[in-house]
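Peer 1: Dropping in structure.tsv, with TSV, C-alpha atoms.
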chain	number	residue	atom	x	y	z
A	1	MET	CA	36.74	101.55	-54.55
A	2	ALA	CA	33.41	101.34	-56.42
A	3	ALA	CA	30.17	100.83	-54.55
A	4	PRO	CA	28.05	97.69	-55.16
A	5	VAL	CA	25.78	97.90	-58.14
A	6	ASN	CA	22.60	96.91	-56.33
A	7	SER	CA	22.97	99.65	-53.75
A	8	VAL	CA	23.49	102.49	-56.18
A	9	GLY	CA	20.45	104.67	-56.53
A	10	LYS	CA	18.70	103.33	-53.42
A	11	PRO	CA	17.98	105.67	-50.56
A	12	SER	CA	20.05	105.30	-47.42
A	13	ALA	CA	17.07	104.07	-45.40
A	14	GLU	CA	16.63	101.05	-47.68
A	15	ARG	CA	20.27	100.03	-47.67
A	16	PRO	CA	21.10	97.08	-45.41
A	17	GLN	CA	22.98	98.04	-42.26
A	18	ILE	CA	26.29	96.25	-42.10
A	19	ASN	CA	28.19	95.83	-38.82
A	20	CYS	CA	31.71	97.00	-39.57
A	21	THR	CA	33.25	95.89	-36.25
A	22	SER	CA	33.52	92.59	-34.44
A	23	PHE	CA	33.55	94.14	-30.99
A	24	GLN	CA	30.45	93.65	-28.89
A	25	LYS	CA	29.38	95.16	-25.64
A	26	LYS	CA	30.24	92.89	-22.75
A	27	THR	CA	27.31	92.18	-20.49
A	28	ARG	CA	27.52	90.69	-17.04
A	29	SER	CA	26.13	87.24	-16.58
A	30	LYS	CA	23.04	87.13	-14.44
A	31	LEU	CA	23.86	85.47	-11.11
A	32	ILE	CA	21.31	83.95	-8.82
A	33	SER	CA	20.42	86.45	-6.10
A	34	ILE	CA	19.82	84.58	-2.85
A	35	PRO	CA	19.92	86.16	0.62
A	36	GLY	CA	22.99	85.16	2.59
A	37	THR	CA	25.15	84.51	-0.49
A	38	ARG	CA	27.67	86.42	-2.55
A	39	PRO	CA	29.80	85.62	-5.64
A	40	SER	CA	33.46	84.78	-5.24
A	41	VAL	CA	35.97	87.32	-6.50
A	42	GLN	CA	38.26	84.55	-7.77
A	43	ASN	CA	35.95	82.37	-9.86
A	44	GLY	CA	32.44	83.80	-9.57
A	45	GLN	CA	31.22	80.80	-7.56
A	46	LEU	CA	28.28	81.42	-5.22
A	47	LEU	CA	29.49	81.49	-1.61
A	48	VAL	CA	27.82	81.14	1.77
A	49	SER	CA	29.29	81.87	5.18
A	50	THR	CA	30.24	79.12	7.62
A	51	GLY	CA	29.31	81.35	10.56
A	52	VAL	CA	32.98	81.72	11.58
A	53	THR	CA	34.48	84.74	9.81
A	54	SER	CA	38.06	83.53	10.23
A	55	LEU	CA	37.17	80.16	8.68
A	56	ASP	CA	35.56	81.96	5.73
A	57	TYR	CA	38.85	83.76	5.21
A	58	LEU	CA	40.75	80.46	5.11
A	59	LEU	CA	38.35	78.97	2.56
A	60	GLY	CA	38.78	81.87	0.15
A	61	GLY	CA	35.87	84.05	1.23
A	62	GLY	CA	33.31	81.42	2.20
A	63	LEU	CA	31.97	77.98	1.45
A	64	ALA	CA	31.06	77.47	-2.21
A	65	VAL	CA	27.55	76.22	-2.98
A	66	GLY	CA	27.62	72.62	-4.18
A	67	THR	CA	30.70	71.64	-2.17
A	68	VAL	CA	31.47	69.57	0.94
A	69	LEU	CA	33.46	70.75	3.94
A	70	LEU	CA	35.09	67.92	5.91
A	71	ILE	CA	35.96	68.55	9.55
A	72	GLU	CA	38.20	66.01	11.27
A	73	GLU	CA	36.88	65.95	14.81
A	74	ASP	CA	39.00	66.64	17.84
A	75	ARG	CA	39.39	63.86	20.35
A	76	TYR	CA	36.42	64.88	22.52
A	77	ASP	CA	34.21	66.25	19.68
A	78	SER	CA	33.67	69.60	21.36
A	79	TYR	CA	35.12	72.14	18.93
A	80	SER	CA	34.09	70.37	15.72
A	81	ARG	CA	30.54	70.19	17.02
A	82	MET	CA	30.73	73.91	17.76
A	83	ILE	CA	31.73	74.74	14.15
A	84	LEU	CA	28.79	72.64	12.95
A	85	LYS	CA	26.44	74.65	15.18
A	86	TYR	CA	27.92	77.88	13.84
A	87	PHE	CA	27.19	76.66	10.31
A	88	LEU	CA	23.59	75.82	11.16
A	89	ALA	CA	23.05	79.06	13.10
A	90	GLU	CA	24.19	81.08	10.09
A	91	GLY	CA	21.60	79.23	8.01
A	92	VAL	CA	18.85	80.09	10.49
A	93	VAL	CA	19.75	83.80	10.47
A	94	CYS	CA	19.94	83.88	6.64
A	95	ARG	CA	16.59	82.02	6.39
A	96	HIS	CA	18.16	79.04	4.62
A	97	GLU	CA	16.65	75.59	4.97
A	98	LEU	CA	18.50	73.03	7.09
A	99	PHE	CA	19.03	69.28	6.86
A	100	VAL	CA	20.60	67.82	10.01
A	101	ALA	CA	21.53	64.14	10.30
A	102	SER	CA	22.97	62.37	13.33
A	103	ALA	CA	23.17	58.92	14.86
A	104	GLN	CA	24.19	59.95	18.38
A	105	ASP	CA	22.07	62.97	19.32
A	106	ASN	CA	18.63	63.91	18.13
A	107	PRO	CA	18.87	66.69	15.51
A	108	ASP	CA	16.28	68.67	17.50
A	109	ASP	CA	18.66	68.71	20.47
A	110	ILE	CA	21.47	69.99	18.24
A	111	LEU	CA	19.26	72.79	16.95
A	112	GLN	CA	18.35	73.83	20.48
A	113	GLU	CA	22.06	74.39	21.24
A	114	LEU	CA	22.63	76.90	18.42
A	115	PRO	CA	24.42	80.09	19.55
A	116	ALA	CA	22.54	83.37	19.63
A	117	PRO	CA	23.38	86.11	17.10
A	118	ILE	CA	24.86	89.31	18.49
A	119	LEU	CA	25.15	92.87	17.22
A	120	ASP	CA	28.11	94.25	15.30
A	121	ASP	CA	29.14	96.75	17.93
A	122	VAL	CA	29.36	93.96	20.51
A	123	ALA	CA	31.20	91.52	18.27
A	124	MET	CA	33.76	93.84	16.75
A	125	HIS	CA	36.01	95.08	19.51
A	126	LYS	CA	38.00	98.01	18.18
A	127	PRO	CA	40.96	99.32	20.19
A	128	VAL	CA	40.29	102.71	21.70
A	129	GLU	CA	43.03	105.22	21.06
A	130	GLN	CA	44.32	106.88	24.16
A	131	PRO	CA	44.18	110.68	24.07
A	132	ARG	CA	47.56	112.28	23.70
A	133	LEU	CA	48.61	114.93	26.14
A	134	PRO	CA	49.13	118.38	24.60
A	135	CYS	CA	52.43	118.81	26.38
A	136	GLU	CA	53.81	115.52	25.04
A	137	PRO	CA	55.82	116.08	21.86
A	138	GLN	CA	55.50	113.88	18.82
A	139	ASP	CA	59.20	113.10	18.78
A	140	SER	CA	59.02	111.42	22.17
A	141	LEU	CA	56.23	109.14	20.95
A	142	ASP	CA	58.20	108.12	17.89
A	143	ALA	CA	61.26	107.46	20.00
A	144	MET	CA	59.44	104.86	22.11
A	145	LYS	CA	60.11	101.84	19.96
A	146	ILE	CA	61.27	98.29	20.44
A	147	ALA	CA	64.72	97.03	19.61
A	148	TRP	CA	66.24	98.48	16.41
A	149	ARG	CA	66.46	95.07	14.76
A	150	TYR	CA	62.66	94.71	14.81
A	151	GLN	CA	61.56	98.23	13.94
A	152	ASN	CA	61.69	97.68	10.15
A	153	LEU	CA	59.78	94.40	10.20
A	154	PRO	CA	56.14	94.46	9.09
A	155	LYS	CA	53.49	94.25	11.75
A	156	VAL	CA	51.97	90.80	12.11
A	157	GLN	CA	48.21	90.57	12.41
A	158	SER	CA	47.12	87.48	14.27
A	159	ALA	CA	43.42	87.76	13.50
A	160	LEU	CA	42.16	86.31	10.22
A	161	ALA	CA	39.67	88.67	8.62
A	162	SER	CA	38.94	90.12	5.21
A	163	SER	CA	38.22	93.73	4.35
A	164	SER	CA	34.61	92.99	3.31
A	165	ARG	CA	32.06	91.87	5.88
A	166	PHE	CA	30.36	88.52	5.26
A	167	GLY	CA	28.34	86.51	7.73
A	168	HIS	CA	27.18	87.22	11.26
A	169	TYR	CA	28.60	87.01	14.77
A	170	TYR	CA	27.33	84.73	17.50
A	171	ASP	CA	27.52	84.43	21.27
A	172	VAL	CA	28.28	80.88	22.36
A	173	SER	CA	27.39	81.68	25.97
A	174	LYS	CA	23.74	82.17	25.01
A	175	MET	CA	21.29	79.97	23.15
A	176	MET	CA	19.31	81.14	20.17
A	177	GLU	CA	15.78	82.20	20.95
A	178	PRO	CA	13.08	79.69	19.97
A	179	GLU	CA	11.25	82.29	17.87
A	180	ILE	CA	14.26	82.78	15.63
A	181	ARG	CA	15.01	79.06	15.44
A	182	GLN	CA	11.47	78.03	14.58
A	183	ALA	CA	11.29	80.57	11.74
A	184	ALA	CA	13.72	78.45	9.70
A	185	LYS	CA	12.57	75.28	7.98
A	186	CYS	CA	14.52	72.24	9.13
A	187	HIS	CA	14.60	68.63	7.91
A	188	SER	CA	16.03	66.11	10.36
A	189	PHE	CA	17.37	62.59	9.99
A	190	TYR	CA	17.81	60.63	13.22
A	191	LEU	CA	19.17	57.15	12.51
A	192	PRO	CA	17.35	55.30	15.36
A	193	GLU	CA	14.07	56.56	13.89
A	194	HIS	CA	14.94	55.07	10.47
A	195	PRO	CA	15.36	51.32	10.99
A	196	THR	CA	17.57	49.75	8.37
A	197	GLN	CA	17.40	46.20	7.12
A	198	SER	CA	20.49	44.33	6.09
A	199	SER	CA	20.17	43.38	2.44
A	200	ALA	CA	21.25	39.99	1.18
A	201	THR	CA	22.93	41.45	-1.90
A	202	HIS	CA	26.45	42.73	-1.54
A	203	SER	CA	26.57	46.52	-1.72
A	204	ALA	CA	29.50	48.93	-1.47
A	205	MET	CA	27.40	51.32	0.63
A	206	LEU	CA	25.96	50.63	4.06
A	207	GLU	CA	22.19	50.59	4.45
A	208	SER	CA	22.36	53.49	6.89
A	209	TYR	CA	24.31	55.63	4.43
A	210	SER	CA	22.02	54.61	1.58
A	211	THR	CA	18.92	55.59	3.57
A	212	LEU	CA	20.51	58.92	4.46
A	213	LEU	CA	21.41	59.67	0.85
A	214	LYS	CA	17.89	58.79	-0.34
A	215	SER	CA	16.33	61.00	2.32
A	216	LEU	CA	18.53	63.92	1.32
A	217	GLN	CA	17.76	63.37	-2.35
A	218	GLU	CA	14.02	63.41	-1.65
A	219	VAL	CA	14.31	66.72	0.21
A	220	ILE	CA	16.33	68.31	-2.61
A	221	HIS	CA	13.80	67.26	-5.29
A	222	ARG	CA	10.70	67.96	-3.23
A	223	GLU	CA	11.72	71.43	-1.98
A	224	GLY	CA	12.99	72.61	-5.37
A	225	PHE	CA	16.74	72.82	-4.68
A	226	ASP	CA	17.55	70.88	-7.84
A	227	LEU	CA	19.05	73.07	-10.56
A	228	ALA	CA	17.02	71.21	-13.18
A	229	ALA	CA	13.77	72.27	-11.52
A	230	PRO	CA	11.91	75.20	-13.13
A	231	MET	CA	12.48	78.55	-11.46
A	232	SER	CA	8.85	79.14	-10.61
A	233	LYS	CA	9.55	80.44	-7.15
A	234	SER	CA	12.33	82.22	-5.31
A	235	ARG	CA	15.44	80.14	-4.84
A	236	ASN	CA	16.99	79.26	-1.51
A	237	ILE	CA	20.00	77.38	-0.11
A	238	LEU	CA	19.88	74.03	1.67
A	239	ARG	CA	22.50	73.65	4.40
A	240	VAL	CA	23.32	70.03	5.17
A	241	GLY	CA	24.96	69.12	8.48
A	242	LEU	CA	26.09	65.48	8.94
A	243	HIS	CA	27.46	64.72	12.36
A	244	SER	CA	30.14	62.10	13.10
A	245	LEU	CA	29.98	59.95	9.98
A	246	GLY	CA	32.17	56.86	10.07
A	247	SER	CA	31.51	56.15	13.74
A	248	ALA	CA	30.20	52.85	15.04
A	249	LEU	CA	26.78	54.38	15.69
A	250	TRP	CA	26.20	54.51	11.94
A	251	GLY	CA	26.92	50.77	11.74
A	252	ASP	CA	30.32	51.41	10.21
A	253	ASP	CA	33.30	49.45	11.52
A	254	LEU	CA	35.79	51.81	9.90
A	255	SER	CA	36.82	53.27	13.26
A	256	CYS	CA	36.63	50.00	15.20
A	257	GLN	CA	38.79	47.51	13.31
A	258	ASP	CA	42.12	47.54	11.54
A	259	ASN	CA	40.63	45.62	8.60
A	260	PRO	CA	37.03	46.84	8.41
A	261	THR	CA	34.41	44.90	6.52
A	262	HIS	CA	32.83	48.02	5.05
A	263	ARG	CA	36.10	49.54	4.00
A	264	HIS	CA	34.80	51.77	1.22
A	265	ALA	CA	31.28	52.42	2.53
A	266	LEU	CA	31.97	55.98	3.68
A	267	ALA	CA	33.96	56.82	0.55
A	268	THR	CA	31.11	55.59	-1.63
A	269	PHE	CA	28.63	57.70	0.31
A	270	LEU	CA	30.78	60.84	-0.01
A	271	TYR	CA	31.11	60.22	-3.75
A	272	GLY	CA	27.32	60.09	-4.10
A	273	LEU	CA	26.87	63.09	-1.78
A	274	ARG	CA	29.20	65.27	-3.80
A	275	ALA	CA	27.48	64.29	-7.04
A	276	LEU	CA	24.12	65.19	-5.50
A	277	LEU	CA	25.32	68.57	-4.25
A	278	ARG	CA	26.91	69.51	-7.57
A	279	SER	CA	23.50	69.58	-9.25
A	280	SER	CA	21.65	71.45	-6.51
A	281	LEU	CA	21.74	74.64	-4.45
A	282	SER	CA	23.07	72.83	-1.41
A	283	VAL	CA	26.19	72.92	0.73
A	284	ALA	CA	27.29	70.35	3.31
A	285	VAL	CA	29.48	70.19	6.42
A	286	VAL	CA	30.54	66.68	7.46
A	287	THR	CA	32.37	65.75	10.67
A	288	ILE	CA	34.38	62.52	10.89
A	289	PRO	CA	36.26	61.07	13.91
A	290	SER	CA	39.53	60.71	12.00
A	291	HIS	CA	41.56	59.94	15.13
A	292	LEU	CA	39.75	56.58	15.35
A	293	ILE	CA	40.53	55.58	11.76
A	294	GLN	CA	43.78	53.63	11.71
A	295	ASP	CA	44.22	53.39	7.94
A	296	ARG	CA	45.81	56.68	6.87
A	297	THR	CA	45.59	55.77	3.19
A	298	LEU	CA	41.85	55.34	3.41
A	299	MET	CA	41.57	58.61	5.34
A	300	GLY	CA	43.46	60.32	2.54
A	301	SER	CA	40.97	58.98	0.01
A	302	ILE	CA	38.10	60.30	2.12
A	303	THR	CA	39.75	63.71	2.28
A	304	ARG	CA	40.20	63.88	-1.49
A	305	LEU	CA	36.52	63.12	-2.02
A	306	CYS	CA	35.66	66.38	-0.26
A	307	ASP	CA	36.26	69.87	-1.58
A	308	ASN	CA	37.44	71.44	1.70
A	309	ALA	CA	39.06	69.65	4.61
A	310	ILE	CA	40.30	70.92	7.97
A	311	ALA	CA	41.46	69.07	11.08
A	312	LEU	CA	41.13	70.16	14.71
A	313	GLU	CA	43.79	69.12	17.21
A	314	SER	CA	42.66	69.97	20.71
A	315	PHE	CA	45.09	70.46	23.60
A	316	LYS	CA	42.63	68.94	26.04
A	317	GLY	CA	44.13	65.90	27.72
A	318	SER	CA	47.58	66.37	26.17
A	319	GLU	CA	50.90	67.79	27.39
A	320	ARG	CA	50.32	71.01	25.47
A	321	GLU	CA	47.41	71.87	27.73
A	322	THR	CA	49.80	72.73	30.57
A	323	ASN	CA	52.59	74.03	28.35
A	324	PRO	CA	53.00	77.80	28.88
A	325	LEU	CA	53.82	78.27	25.19
A	326	TYR	CA	50.21	77.45	24.23
A	327	LYS	CA	48.45	79.06	27.16
A	328	ASP	CA	46.54	81.49	24.88
A	329	TYR	CA	45.11	78.77	22.62
A	330	HIS	CA	42.93	75.70	22.92
A	331	GLY	CA	44.18	73.74	19.92
A	332	LEU	CA	45.72	73.72	16.46
A	333	LEU	CA	43.94	73.86	13.12
A	334	HIS	CA	45.37	72.08	10.08
A	335	VAL	CA	44.17	72.83	6.54
A	336	ARG	CA	44.13	69.49	4.72
A	337	GLN	CA	42.58	70.59	1.45
A	338	VAL	CA	41.31	73.79	-0.16
A	339	PRO	CA	38.87	73.97	-3.08
A	340	HIS	CA	39.95	74.47	-6.70
A	341	LEU	CA	36.69	75.16	-8.52
A	342	ASN	CA	36.59	76.65	-12.04
A	343	CYS	CA	40.30	77.35	-11.91
A	344	LEU	CA	43.58	75.57	-12.57
A	345	THR	CA	45.17	76.40	-9.23
A	346	ASN	CA	43.71	76.69	-5.78
A	347	GLN	CA	44.21	79.61	-3.43
A	348	LEU	CA	46.34	78.48	-0.52
A	349	PRO	CA	46.20	80.32	2.81
A	350	ASP	CA	49.08	82.70	3.36
A	351	HIS	CA	49.81	81.26	6.81
A	352	LYS	CA	49.90	77.59	7.75
A	353	ASP	CA	50.56	77.85	11.49
A	354	LEU	CA	46.99	78.25	12.72
A	355	ALA	CA	45.43	77.87	16.14
A	356	PHE	CA	41.94	78.26	17.55
A	357	LYS	CA	40.70	79.43	20.89
A	358	LEU	CA	37.34	79.65	22.54
A	359	LYS	CA	36.77	82.96	24.22
A	360	ARG	CA	33.97	83.69	26.61
A	361	LYS	CA	31.59	84.46	23.78
A	362	GLN	CA	33.27	83.59	20.49
A	363	PHE	CA	35.22	80.88	18.70
A	364	THR	CA	38.07	82.33	16.64
A	365	ILE	CA	40.91	81.06	14.45
A	366	GLU	CA	44.19	82.98	14.58
A	367	ARG	CA	47.76	82.76	13.42
A	368	LEU	CA	49.91	80.89	15.91
A	369	HIS	CA	52.47	83.10	17.64
A	370	LEU	CA	54.75	81.98	20.44
A	371	PRO	CA	55.17	84.36	23.36
A	372	PRO	CA	58.27	86.58	23.05
A	373	ASP	CA	59.45	86.16	26.64
A	374	LEU	CA	60.56	82.61	27.39
A	375	SER	CA	62.58	83.39	30.50
A	376	GLU	CA	60.06	81.78	32.82
A	377	THR	CA	59.91	78.66	30.67
A	378	VAL	CA	63.68	78.45	30.37
A	379	SER	CA	64.10	78.86	34.11
A	380	ARG	CA	61.65	76.05	34.75
A	381	VAL	CA	63.48	73.78	32.33
A	382	SER	CA	66.81	74.70	33.82
A	383	ARG	CA	65.60	73.93	37.33
A	384	GLY	CA	64.25	70.61	36.13
A	385	GLU	CA	67.54	69.71	34.47
A	386	LEU	CA	69.48	70.69	37.56
A	387	ALA	CA	67.23	68.60	39.76
A	388	GLY	CA	67.59	65.63	37.43
A	389	ALA	CA	71.34	66.01	37.33
A	390	ALA	CA	71.48	66.20	41.14
A	391	MET	CA	69.56	62.94	41.47
A	392	VAL	CA	71.88	61.18	39.03
A	393	ALA	CA	74.90	62.56	40.80
A	394	SER	CA	73.72	61.41	44.21
A	395	ALA	CA	72.95	57.95	42.83
A	396	CYS	CA	76.41	57.59	41.29
A	397	GLY	CA	78.09	58.94	44.40
A	398	SER	CA	80.24	61.37	42.46
A	399	SER	CA	78.98	64.49	44.20
A	400	THR	CA	77.42	65.16	47.56
A	401	SER	CA	76.33	68.73	47.07
A	402	GLY	CA	74.08	68.03	44.09
A	403	THR	CA	74.71	71.45	42.55
A	404	LYS	CA	77.25	70.41	39.91
A	405	HIS	CA	76.67	68.65	36.60
A	406	LEU	CA	78.28	65.31	35.85
A	407	ASP	CA	81.38	65.42	33.65
A	408	PHE	CA	81.91	62.46	31.41
Please, can you express the file's structure as structure tokens?

Peer 2:
Amino acid sequence: MAAPVNSVGKPSAERPQINCTSFQKKTRSKLISIPGTRPSVQNGQLLVSTGVTSLDYLLGGGLAVGTVLLIEEDRYDSYSRMILKYFLAEGVVCRHELFVASAQDNPDDILQELPAPILDDVAMHKPVEQPRLPCEPQDSLDAMKIAWRYQNLPKVQSALASSSRFGHYYDVSKMMEPEIRQAAKCHSFYLPEHPTQSSATHSAMLESYSTLLKSLQEVIHREGFDLAAPMSKSRNILRVGLHSLGSALWGDDLSCQDNPTHRHALATFLYGLRALLRSSLSVAVVTIPSHLIQDRTLMGSITRLCDNAIALESFKGSERETNPLYKDYHGLLHVRQVPHLNCLTNQLPDHKDLAFKLKRKQFTIERLHLPPDLSETVSRVSRGELAGAAMVASACGSSTSGTKHLDF
């Protein structure tokens, strides 16, 4: 093939350089580097820790920035409040800014109850291997197994944890030191300190929710958490904690009446909250007393307006509290919704039977396993059935001994 006419006779230095291939070197996109965050391995979304490592595992590695985590409160609001304090304590340790809103307790009182961080060697209890005697052969150790029908089954791990470490550990029996707590910048919203006036115009959002949303929006724009703001200074994360939305203390009758007047007030607020978080470096945890909301359809709409949703079912005050099957746990955890950001499908947890328990120092979420030995339970049930049968027999007059069952 002949060369072009205009290039003949020209030195090689003057000839135009032509790229003969369409392949280009792939460069990694520059992610925002913020302390206390890491990118997701599934979709590259920026993640923060909730403070509970097992909950991070359920959410796909952590809580994505710009999303909302909904926690359906347990009946006595003890464990949901604890997860909220874990979330805020993780923000204090990572030097993130906090925004705490409540209508029942002063946000300063909530911050004073944050758990204290503990060291890794105290938090991670590793089983100590017992030394093997030199006279004990290896064959005898291998022969000590359980029943043959179970020896080929895979070992079940009850603890939920990932291979990579993310987040910190906390001791719920101790309070965080004031020096550590005061080092973090906190913005509080206490509803009794923000008097609301009922407007004459009809609005889909309550005045209390509207004031809360405006206050949060002002903090995001003033402190530079908006993504549209120029990156003149180092970026940070704003952790938003909203306690017990939808209760009567917020002026919402959603949990008080079967046909509430402000039926869609909370849903409208969550819609505006999610739109505000999508355009900022913020992440929110919202607790709602769902057991007081009678309309399940409306509760389903509220759940779909959030990116993540979990429900806590405590055993306190129920029959399961005294049931020996659940003696190792304090309640059940239900995953209502998992996020599906920048992907077509969401990552579902591999195990749906989940339970939580509060140890002396830690709150953990584990896979629910029933005890293998039910002989004591069966004997109790059998004795109860025999006693009931004896009472029926004595009432009918068919048996005097009371040790035989009735035959019909």

Peer 1: Work out how far apart CA of Ser244 in chain A and CA of Pro289 in chain A are and give it in Å to one decimal.

Peer 2: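 Rounded to one decimal, the two atoms are 6.3 Å apart.
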
Peer 1: So, with only C-alpha atoms as the atoms that count, which of A:Val65, A:Leu70, A:Leu249, A:Leu227 lies closest to Asp105 in chain A?

Peer 2: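 Closest to Asp105 in chain A of all the choices is A:Leu249.
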
Peer 1: Expressed in Å to a single decimal, how great is the separation between CA of Lys357 in chain A and CA of Asp74 in chain A?

Peer 2: 13.3 Å
